[in-house]
Amino acid sequence: MVRAQSVRNRGPAFRKLCVVTDTTNQRPTSSQPGADAATLPTTYAPAEVEGELYERWVERGYFTADAKSEKPAYTIVIPPPNVTGALHLGHAFQHTLMDALTRRKRMLGFEALWLPGMDHAGIATQNKVEQQLAEAGLSRHDLGREAFVDKVWEWKENYGGRILGQMRRLGDGVDWSRERFTMDEGLSQAVQTIFKKLFDDGLIYRAERIINWCPRCLTALSDIEVNHEDVPGELVSIRYGDGADSIVVATTRAETLLGDTAIAVHPSDERYAHLVGRTVKLPLTDREIPVVADEHVDPEFGTGAVKVTPAHDPNDFAIGQRHNLPNLTVMDERGTITVHGPFLGLDRHDARAAVVGALREQGRIVAEKRPYDHAVGHCSRCKTVVEPRLSLQWWVDVKPLAKAAGDAVRDGRVQIHPKELERRYFDWVDNMHDWCISRQLWWGHRIPVWYGPDGEVVCVGPDEQPPAGEGWHQDTDVLDTWFSSGLWPFSTLGWPEKTPDLEKFYPTDVLLTGHDIIFFWVARMMMFGLYAMDGQAPFHTIALTGLVRDEFGKKMSKSFGNVVDPLDWMDAYGADAVRFTLARGANPGADVPIGESWVQGSRNFCNKIWNAVRFALMNGATVEGPLPAPEELTAADRWILSRLNATVAEADALYDDYQFAKLSDALFHFAWDEVFDWYVELSKTTLNEGGVRADHARRVLGEVLDVTLRLLHPIVPFVTDALWTALTGAESVVVAEWPKDSGYRDADAESEIAQLQQLIVEIRRFREAQGLRDAQKVPARLALAGHRLEAHEAAIRSRVRLTQPEEGFHATASLPVAGTTVELDLSGTIDVPAERKRLQKDLAAAEKEKAQANGKLGNEAFLAKAPDEVVAKIRTRLAAADADIERITAQLAALPQG
């Protein structure tokens with residue numbers, strides 16, 4: 001890049017031309033910057049570069065943020081992966097985008113903090129350790145709570161956090177000095193502080209409600225810990241009561257009949273109006289249960305009557321609350337039946353078959369449907385079927401918190417990107433139910449509530465001593481993992497203390513995460529951040545991504561056999577190739593298909609960059625000294641500098657709009673098509689000429705590659721840093737400055753090179769149509785005297801293998817293109833009769849296609865009935881046929897005569 005002083009010493013035309021960057025502290029003190037090509041291997045081997053390069057970045061403190069810095073802050077907190085987790089493509093996808101954002105902001109002069117850490121993942125981690133104990137024939141109860149928790153900490157130190165090492169493989173530029181863990185001392189203090197504050201404000205309470213219960217893990221589960229899967233079951237229709245007073249209900253869970261306390265029908269359903277307010281006999285028991293009218297019942301579904309089991313179904317619980325029905329629990333925590341003699345002690349699944357059998361014997365089964373596929377919740381950790389269960393738990397009253405979270409987006413304090421996903425956010429926060437935060441686990445933040453011998457309930461803050469004495473004991477439950485991770489944007493910065501980090505880096509700038517956890521994590525952070533930080537939202541922007549899928553758009557799943565380990569792809573193709581592939585598919589909010597062939601293509605792109613810089617170094621490209629004045633440069637030089645500035649502007653706009661796919665595509669096409677395929681090739685001719693123009697080309701080539709590597713660096717950090725340091729001799733592109741668009745554009749140069757490209761492309765097409773080999777040279781006369789492309793004749797001939805006409809040259813083909821004429825001598829190079837026959841056949845087909853399209857478009861009756869998209873397709877076919885006819889006609893005319 002051009003030094004600021006060099007720019008100031010030139011005139012305004014030169015200053016306008018430059019992509020201006022202040023490069024203070026970027027150049028080494030050595031007198032010979034850059035490197036020659038001998039310092040670069042002939043091919044790029046990522047495995048030999050990436051690991052060593054990453055450790056160098058960390059050792060030099062490039063990613064360490066300074067809270068005392070006067071630079072403006074830019075902060076992203078990482079969605080904390082589970083301590084049990086491993087890097088999967090979803091992580092690699094989101095981490096690539098977060099890293100790109102942070103690296104660019106660092107280059108723009110921000111004090112950029114990307115804060116890493118892990119979640120203690122209560123149930124997942126406890127299960128891991130319990131599995132270890134089971135292999136030794138032990139359970140957690142054999143150890144006791146304190147020893148078991150010690151065992152979990154031991155497991156965490158020995159086996160947890162492998163994903164952190166994998167993040168280094170990917171190139172995550174996180175501040176490792178600030179790594180946090182949701183169970184570390186500081187975050188534990190934050191959890192206890194906010195629990196106490198919510199409790200004192202009446203926003204945390206204890207109550208009996210229906211929760212998701214895992215009979216294997218023996219704990220309540222959050223909604224995100226439940227996976228709903230369609231499974232084959234049975235739908236049985238059961239007759240309650242007899243004669244005119246009987247009523248039929250259908251259920252997939254016959255075993256819960258033992259806990260029925262009512263039958264419900266819709267108030268307007270005349271079929272059952274005579275039964276409302278009366279009772280019917282509950283089969284297999286001696287109990288009478290009432291028939292109640294409730295708006296929740298859908299009279300069009302099934303028989304229009306539903307059994308009500310308030311202790312084992314959330315909808316039934318709500319009906320029970322409205323009608324003051326008793327809550328009869330018929331299963332224990334392990335899913336074993338606890339009532340009614342014949343079924344007492346049976347597992348819930350065995351009880352289902354037993355109950356249906358007993359009902360069948362009594363003639364109360366009206367209909368049975370098997371198999372009956374229906375959605376059933378499963379524990380995401382152990383795959384056990386989840387049981388809705390009435391349980392005494394701790395809850396957060398979310399109404400005021402959720403309203404604040406909704407208001408922050410509605411009034412513009414927080415932007416959701418893409419905007420169309422706002423609706424999903426509002427659907428959740430506007431209809432949020434109170435949050436069950438207690439878990440029946442031993443690993444996690446223990447609820448800071450003590451119970452006294454006389455029913456006292458005392459919530460203890462972090463600086464308070466718990467009550468002591470006989471009969472006092474702490475609640476045995478721990479908090480939902482999402483409770484502590486909901487504090488992540490500010491607890492990781494030192495809250496509740498007023499730390500320099502909190503003052504400098506809160507609120508964070510952007511939360512980049514998948515749209516699938518809007519409900520479970522994003523909304524909770526919004527609620528807690530606004531509540532704890534005096535109405536200051538935890539981030540300015542919520543940038544939502546889609547989910548990574550396979551190349552056919554199918555969800556990745558072990559059962560489908562299409563799960564990919566990103567580490568395998570990184571081993572094969574390098575981290576940069578994986579990152580670029582993921583970024584290139586990242587359209588806001590949309591799912592991301594990815595296949596190995598695409599990663600191979602990205603590897604080829606990295607190799608292309610490598611080869612281009614090697615070529616530049618071999619030919620003396622330099623970043624030293626000022627750029628020549630525009631009037632001293634060739635059209636190709638001015639064109640590429642104009643395109644370079646336009647690309648910088650485009651990159652800035654796309655970054656600011658989180659359009660990573662468009663950004664990656666724009667950089668790819670600029671680098672590969674314009675720099676490598678056109679400018680580098682055009683510069684070869686100038687370099688071969690020698691002299692001043694060659695020196696200018698070396699400087700422009702160095703400038704273009706310097707800036708291009710900077711633009712690419714946030715997405716493909718390894719290959720760009722290795723090449724940029726070789727090209728410039730500077731310390732690292734990680735701490736280089738981001739390029740600035742000076743506003744320089746050269747429309748004349750862009751027009752001239754576009755015309756040159758048109759000429760070369762058309763000659764290539766003609767050669768290909770004539771069946772000429774790429775290396776086959778053809779004598780040709782170019783009518784370029786006085787033409788704006790006259791200065792490019794050498795480049796044209798070089799690129800399309802045209803030799804100078806010799807004495808006796810006979811033009812057998814004439815190609816009009818780009819305002820000039822190219823005459824070629826094709827004698828002896830093609831079979832003219834065979835080629836004419838082939839082209840005439842193609843021309844006939846194109847003319848037939850045109851006639852058919854014109855026939856339909858000229859048919860008023862057809863146009864009146866055909867959908868717009870059908871008509872549009874026919875117009876497209878017509879345009880394509882016209883283009884084919886023009887092209888083939890020109891090729892026929894260009895064929896040698898005779």
# chains A, B, ... in the order shown; residues from 1 in each chain; ligands from 1
$ residues_around --residues "Pro500 of chain A" --least-positions-apart "5" --cutoff "10 Å" --atoms "only C-alpha atoms" --output "compact mmCIF listing (two decimals) with C-alpha atoms, in the first residue's frame"
# COMPACT_ATOMS: atom_id res chain seq x y z
CA ASP A 66 -7.23 -3.48 25.49
CA ALA A 67 -9.96 -1.96 27.66
CA LYS A 68 -7.77 1.13 28.14
CA LEU A 493 -17.22 -8.68 30.96
CA GLY A 494 -17.22 -8.70 34.75
CA PHE A 505 -17.09 -3.37 25.53
CA TYR A 506 -20.78 -3.36 26.58
$ residues_around --residues "Ala254 of chain A" --least-positions-apart "6" --cutoff "9 Å" --atoms "only C-alpha atoms" --output "NGL selection string"
:A and (235-236 or 238 or 351-353 or 355-356)
$ write_last_selection --atoms "C-alpha atoms" --output "CSV table (one decimal), in the first residue's frame"
chain,number,residue,atom,x,y,z
A,235,LEU,CA,-54.9,-44.2,18.5
A,236,VAL,CA,-57.6,-45.9,20.6
A,238,ILE,CA,-62.6,-45.3,24.4
A,351,ALA,CA,-49.1,-50.0,31.3
A,352,ARG,CA,-50.4,-48.6,28.0
A,353,ALA,CA,-50.8,-52.1,26.6
A,355,VAL,CA,-54.9,-50.6,30.1
A,356,VAL,CA,-55.9,-51.1,26.5
$ atom_distance --atom1 "atom CA of Glu361 of chain A" --atom2 "atom CA of Pro283 of chain A"
11.4 Å
$ closest_atom_pairs --of "segment 57-130 of chain A" --to "segment 382-391 of chain A" --cutoff "10 Å" --atoms "only C-alpha atoms" --output "JSON lines"
{"residue": "A:Ile123", "atom": "CA", "partner": "A:Cys382", "partner_atom": "CA", "distance": 9.8}
{"residue": "A:Ala124", "atom": "CA", "partner": "A:Cys382", "partner_atom": "CA", "distance": 9.0}
{"residue": "A:Asn127", "atom": "CA", "partner": "A:Cys382", "partner_atom": "CA", "distance": 8.3}
$ closest_residue --among "A:Phe195, A:Trp155, A:Phe560, A:Phe110" --to "Gln132 of chain A" --atoms "only C-alpha atoms"
A:Trp155
$ closest_residue --among "A:Thr261, A:Gln891, A:Ser268, A:Gln770" --to "Leu325 of chain A" --atoms "only C-alpha atoms"
A:Thr261
$ residues_around --residues "segment 811-813 of chain A" --least-positions-apart "5" --cutoff "10 Å" --atoms "only C-alpha atoms" --output "list in words"
Pro779, Ala780, Arg781, Pro805, Val822, Glu823, Leu824, Asp825, Leu826, Ser827, Gln891, Leu892, Ala893, Ala894, Leu895, Pro896, Gln897 and Gly898 of chain A
$ write_last_selection --atoms "all heavy atoms" --output "compact mmCIF listing (two decimals), in the first residue's frame"
# COMPACT_ATOMS: atom_id res chain seq x y z
N PRO A 779 -2.44 -17.36 -38.21
CA PRO A 779 -2.09 -16.04 -38.75
C PRO A 779 -3.34 -15.15 -38.82
O PRO A 779 -4.42 -15.61 -39.19
CB PRO A 779 -1.56 -16.36 -40.16
CG PRO A 779 -1.25 -17.84 -40.14
CD PRO A 779 -2.22 -18.45 -39.17
N ALA A 780 -3.18 -13.90 -38.48
CA ALA A 780 -4.35 -13.00 -38.48
C ALA A 780 -3.91 -11.57 -38.70
O ALA A 780 -2.80 -11.16 -38.36
CB ALA A 780 -5.10 -13.12 -37.16
N ARG A 781 -4.81 -10.81 -39.33
CA ARG A 781 -4.61 -9.38 -39.52
C ARG A 781 -5.65 -8.65 -38.65
O ARG A 781 -6.85 -8.93 -38.73
CB ARG A 781 -4.79 -9.01 -40.98
CG ARG A 781 -4.56 -7.51 -41.24
CD ARG A 781 -4.83 -7.16 -42.70
NE ARG A 781 -3.88 -7.84 -43.60
CZ ARG A 781 -4.24 -8.61 -44.59
NH1 ARG A 781 -5.52 -8.84 -44.83
NH2 ARG A 781 -3.32 -9.17 -45.38
N PRO A 805 0.62 -11.71 -39.78
CA PRO A 805 0.50 -12.23 -41.15
C PRO A 805 1.83 -12.12 -41.89
O PRO A 805 2.52 -11.10 -41.79
CB PRO A 805 -0.58 -11.34 -41.78
CG PRO A 805 -0.53 -10.08 -40.98
CD PRO A 805 -0.13 -10.46 -39.59
N VAL A 822 -11.34 -8.71 -37.57
CA VAL A 822 -10.22 -9.63 -37.43
C VAL A 822 -10.27 -10.57 -38.63
O VAL A 822 -11.27 -11.28 -38.83
CB VAL A 822 -10.31 -10.43 -36.11
CG1 VAL A 822 -9.13 -11.39 -36.00
CG2 VAL A 822 -10.35 -9.48 -34.93
N GLU A 823 -9.20 -10.59 -39.42
CA GLU A 823 -9.12 -11.48 -40.57
C GLU A 823 -8.16 -12.61 -40.24
O GLU A 823 -7.04 -12.37 -39.77
CB GLU A 823 -8.64 -10.72 -41.81
CG GLU A 823 -9.61 -9.63 -42.26
CD GLU A 823 -9.10 -8.86 -43.45
OE1 GLU A 823 -7.87 -8.59 -43.50
OE2 GLU A 823 -9.90 -8.54 -44.33
N LEU A 824 -8.58 -13.84 -40.51
CA LEU A 824 -7.79 -15.00 -40.14
C LEU A 824 -7.57 -15.90 -41.35
O LEU A 824 -8.44 -15.99 -42.24
CB LEU A 824 -8.48 -15.82 -39.03
CG LEU A 824 -8.83 -15.06 -37.75
CD1 LEU A 824 -10.29 -14.64 -37.79
CD2 LEU A 824 -8.56 -15.93 -36.53
N ASP A 825 -6.44 -16.53 -41.36
CA ASP A 825 -6.15 -17.53 -42.39
C ASP A 825 -6.28 -18.90 -41.74
O ASP A 825 -5.41 -19.34 -40.99
CB ASP A 825 -4.73 -17.33 -42.93
CG ASP A 825 -4.41 -18.32 -44.05
OD1 ASP A 825 -5.29 -19.16 -44.37
OD2 ASP A 825 -3.29 -18.26 -44.58
N LEU A 826 -7.42 -19.57 -42.04
CA LEU A 826 -7.71 -20.87 -41.43
C LEU A 826 -7.40 -22.03 -42.36
O LEU A 826 -7.75 -23.17 -42.07
CB LEU A 826 -9.19 -20.93 -41.02
CG LEU A 826 -9.66 -19.88 -40.01
CD1 LEU A 826 -11.15 -20.03 -39.75
CD2 LEU A 826 -8.89 -19.99 -38.71
N SER A 827 -6.76 -21.72 -43.46
CA SER A 827 -6.48 -22.79 -44.41
C SER A 827 -5.61 -23.86 -43.74
O SER A 827 -4.61 -23.55 -43.09
CB SER A 827 -5.76 -22.22 -45.64
OG SER A 827 -4.58 -21.56 -45.26
N GLN A 891 -20.48 -16.92 -37.84
CA GLN A 891 -19.49 -17.99 -37.98
C GLN A 891 -19.49 -18.56 -39.39
O GLN A 891 -18.42 -18.86 -39.95
CB GLN A 891 -19.78 -19.10 -36.95
CG GLN A 891 -19.50 -18.69 -35.51
CD GLN A 891 -19.92 -19.75 -34.51
OE1 GLN A 891 -20.42 -20.81 -34.91
NE2 GLN A 891 -19.73 -19.47 -33.24
N LEU A 892 -20.67 -18.70 -39.99
CA LEU A 892 -20.75 -19.19 -41.37
C LEU A 892 -20.08 -18.20 -42.33
O LEU A 892 -19.35 -18.59 -43.25
CB LEU A 892 -22.21 -19.41 -41.77
CG LEU A 892 -22.85 -20.71 -41.26
CD1 LEU A 892 -24.36 -20.66 -41.43
CD2 LEU A 892 -22.28 -21.92 -42.01
N ALA A 893 -20.35 -16.93 -42.08
CA ALA A 893 -19.77 -15.91 -42.96
C ALA A 893 -18.25 -15.87 -42.84
O ALA A 893 -17.54 -15.51 -43.79
CB ALA A 893 -20.35 -14.54 -42.61
N ALA A 894 -17.76 -16.23 -41.67
CA ALA A 894 -16.31 -16.18 -41.44
C ALA A 894 -15.58 -17.39 -41.99
O ALA A 894 -14.35 -17.40 -42.07
CB ALA A 894 -16.04 -16.06 -39.93
N LEU A 895 -16.30 -18.44 -42.37
CA LEU A 895 -15.66 -19.64 -42.90
C LEU A 895 -15.00 -19.35 -44.24
O LEU A 895 -15.51 -18.54 -45.04
CB LEU A 895 -16.67 -20.77 -43.06
CG LEU A 895 -17.12 -21.50 -41.78
CD1 LEU A 895 -18.20 -22.51 -42.12
CD2 LEU A 895 -15.95 -22.19 -41.11
N PRO A 896 -13.87 -20.00 -44.51
CA PRO A 896 -13.24 -19.84 -45.84
C PRO A 896 -14.21 -20.21 -46.94
O PRO A 896 -15.01 -21.16 -46.79
CB PRO A 896 -12.06 -20.81 -45.77
CG PRO A 896 -11.79 -21.00 -44.31
CD PRO A 896 -13.11 -20.90 -43.63
N GLN A 897 -14.17 -19.49 -48.06
CA GLN A 897 -15.08 -19.76 -49.17
C GLN A 897 -14.50 -20.86 -50.07
O GLN A 897 -13.29 -21.10 -50.10
CB GLN A 897 -15.29 -18.49 -49.99
CG GLN A 897 -15.87 -17.33 -49.18
CD GLN A 897 -17.20 -17.70 -48.54
OE1 GLN A 897 -18.10 -18.20 -49.23
NE2 GLN A 897 -17.31 -17.45 -47.24
N GLY A 898 -15.43 -21.53 -50.78
CA GLY A 898 -15.01 -22.55 -51.72
C GLY A 898 -15.17 -23.93 -51.15
O GLY A 898 -15.63 -24.13 -50.05
$ atom_distance --atom1 "atom CA of Val458 of chain A" --atom2 "atom CA of Thr476 of chain A"
14.0 Å
$ select_by_dssp --residues "segment 31-220 of chain A" --states "strand (DSSP E or B)" --output "list in words"
Ala73, Tyr74, Thr75, Ile76, Val77, Asn82, Glu111, Ala112, Leu113, Trp114, Leu115, Gly117, Met118, Asp119, Arg180, Phe181, Ile204, Tyr205, Arg206, Ala207, Glu208, Arg209, Ile210, Ile211, Asn212, Trp213, Cys214, Thr219 and Ala220 of chain A
$ write_last_selection --atoms "C-alpha atoms" --output "compact mmCIF listing (two decimals), in the first residue's frame"
# COMPACT_ATOMS: atom_id res chain seq x y z
CA ALA A 73 -14.75 -0.68 20.68
CA TYR A 74 -16.20 -3.47 18.61
CA THR A 75 -17.42 -6.51 20.51
CA ILE A 76 -18.80 -9.92 19.66
CA VAL A 77 -19.35 -12.61 22.26
CA ASN A 82 -21.04 -26.89 25.21
CA GLU A 111 -10.40 -2.20 19.53
CA ALA A 112 -11.99 -5.47 18.53
CA LEU A 113 -12.92 -8.03 21.14
CA TRP A 114 -14.21 -11.44 20.17
CA LEU A 115 -14.74 -13.10 23.50
CA GLY A 117 -15.87 -19.37 26.28
CA MET A 118 -17.88 -22.48 26.97
CA ASP A 119 -21.18 -23.43 28.52
CA ARG A 180 -14.81 -17.66 30.22
CA PHE A 181 -16.78 -20.64 31.49
CA ILE A 204 -38.95 -15.53 40.37
CA TYR A 205 -41.43 -17.80 42.10
CA ARG A 206 -42.01 -21.46 42.94
CA ALA A 207 -45.11 -23.28 41.75
CA GLU A 208 -46.55 -26.57 40.55
CA ARG A 209 -46.84 -26.63 36.78
CA ILE A 210 -46.59 -29.10 33.91
CA ILE A 211 -43.01 -29.47 32.70
CA ASN A 212 -41.04 -31.66 30.30
CA TRP A 213 -39.67 -34.52 32.39
CA CYS A 214 -37.03 -37.09 31.44
CA THR A 219 -34.91 -33.79 35.59
CA ALA A 220 -37.06 -31.14 34.05
$ select_by_dssp --residues "segment 13-232 of chain A" --states "alpha helix (DSSP H)" --output "ChimeraX atom specification"
/A:13-17,46-59,89-107,122-135,140-143,145-159,162-170,185-200
$ closest_atom_pairs --of "segment 118-164 of chain A" --to "segment 477-485 of chain A" --cutoff "8 Å" --atoms "only C-alpha atoms" --output "Markdown table"
| residue | atom | partner | partner_atom | distance |
| --- | --- | --- | --- | --- |
| A:Asp119 | CA | A:Ser485 | CA | 7.0 |
| A:His120 | CA | A:Thr481 | CA | 7.3 |
| A:Ala121 | CA | A:Thr481 | CA | 6.0 |
| A:Gly122 | CA | A:Thr481 | CA | 6.0 |
$ residues_around --residues "Leu544 of chain A" --least-positions-apart "4" --cutoff "9 Å" --atoms "only C-alpha atoms" --output "list in words"
Ile416, His417, Pro418, Leu421, Leu511, Leu512, Thr513, Gly514, His515, Asp516, Ile518, Pro588, Gly589 and Ala590 of chain A
$ residues_around --residues "Ala583 of chain A" --least-positions-apart "6" --cutoff "9 Å" --atoms "only C-alpha atoms" --output "count of residues only"
9
$ residues_around --residues "Lys554 of chain A" --least-positions-apart "5" --cutoff "12 Å" --atoms "only C-alpha atoms" --output "ChimeraX atom specification"
/A:547-549,559-563,591-595
$ residues_around --residues "Val692 of chain A" --least-positions-apart "5" --cutoff "12 Å" --atoms "only C-alpha atoms" --output "NGL selection string"
:A and (628 or 632-634 or 686-687 or 697-699)
$ write_last_selection --atoms "C-alpha atoms" --output "PDB file, in the first residue's frame"
ATOM      1  CA  PRO A 628       2.622   6.592 -10.899  1.00  0.00           C
ATOM      2  CA  GLU A 632       1.609   7.675 -16.852  1.00  0.00           C
ATOM      3  CA  LEU A 633      -0.325   4.399 -16.656  1.00  0.00           C
ATOM      4  CA  THR A 634      -1.697   2.104 -19.320  1.00  0.00           C
ATOM      5  CA  THR A 686       3.805  -5.020 -20.559  1.00  0.00           C
ATOM      6  CA  LEU A 687       6.341  -6.744 -18.314  1.00  0.00           C
ATOM      7  CA  ALA A 697       3.002  -2.393 -14.140  1.00  0.00           C
ATOM      8  CA  ARG A 698       5.085  -3.934 -11.340  1.00  0.00           C
ATOM      9  CA  ARG A 699       3.994  -1.191  -8.968  1.00  0.00           C
TER      10      ARG A 699
END
$ atom_distance --atom1 "atom CA of Pro507 of chain A" --atom2 "atom CA of Phe539 of chain A"
5.3 Å
$ closest_residue --among "A:Asp657, A:Glu48, A:Glu731, A:Glu497" --to "Ala532 of chain A" --atoms "only C-alpha atoms"
A:Glu497
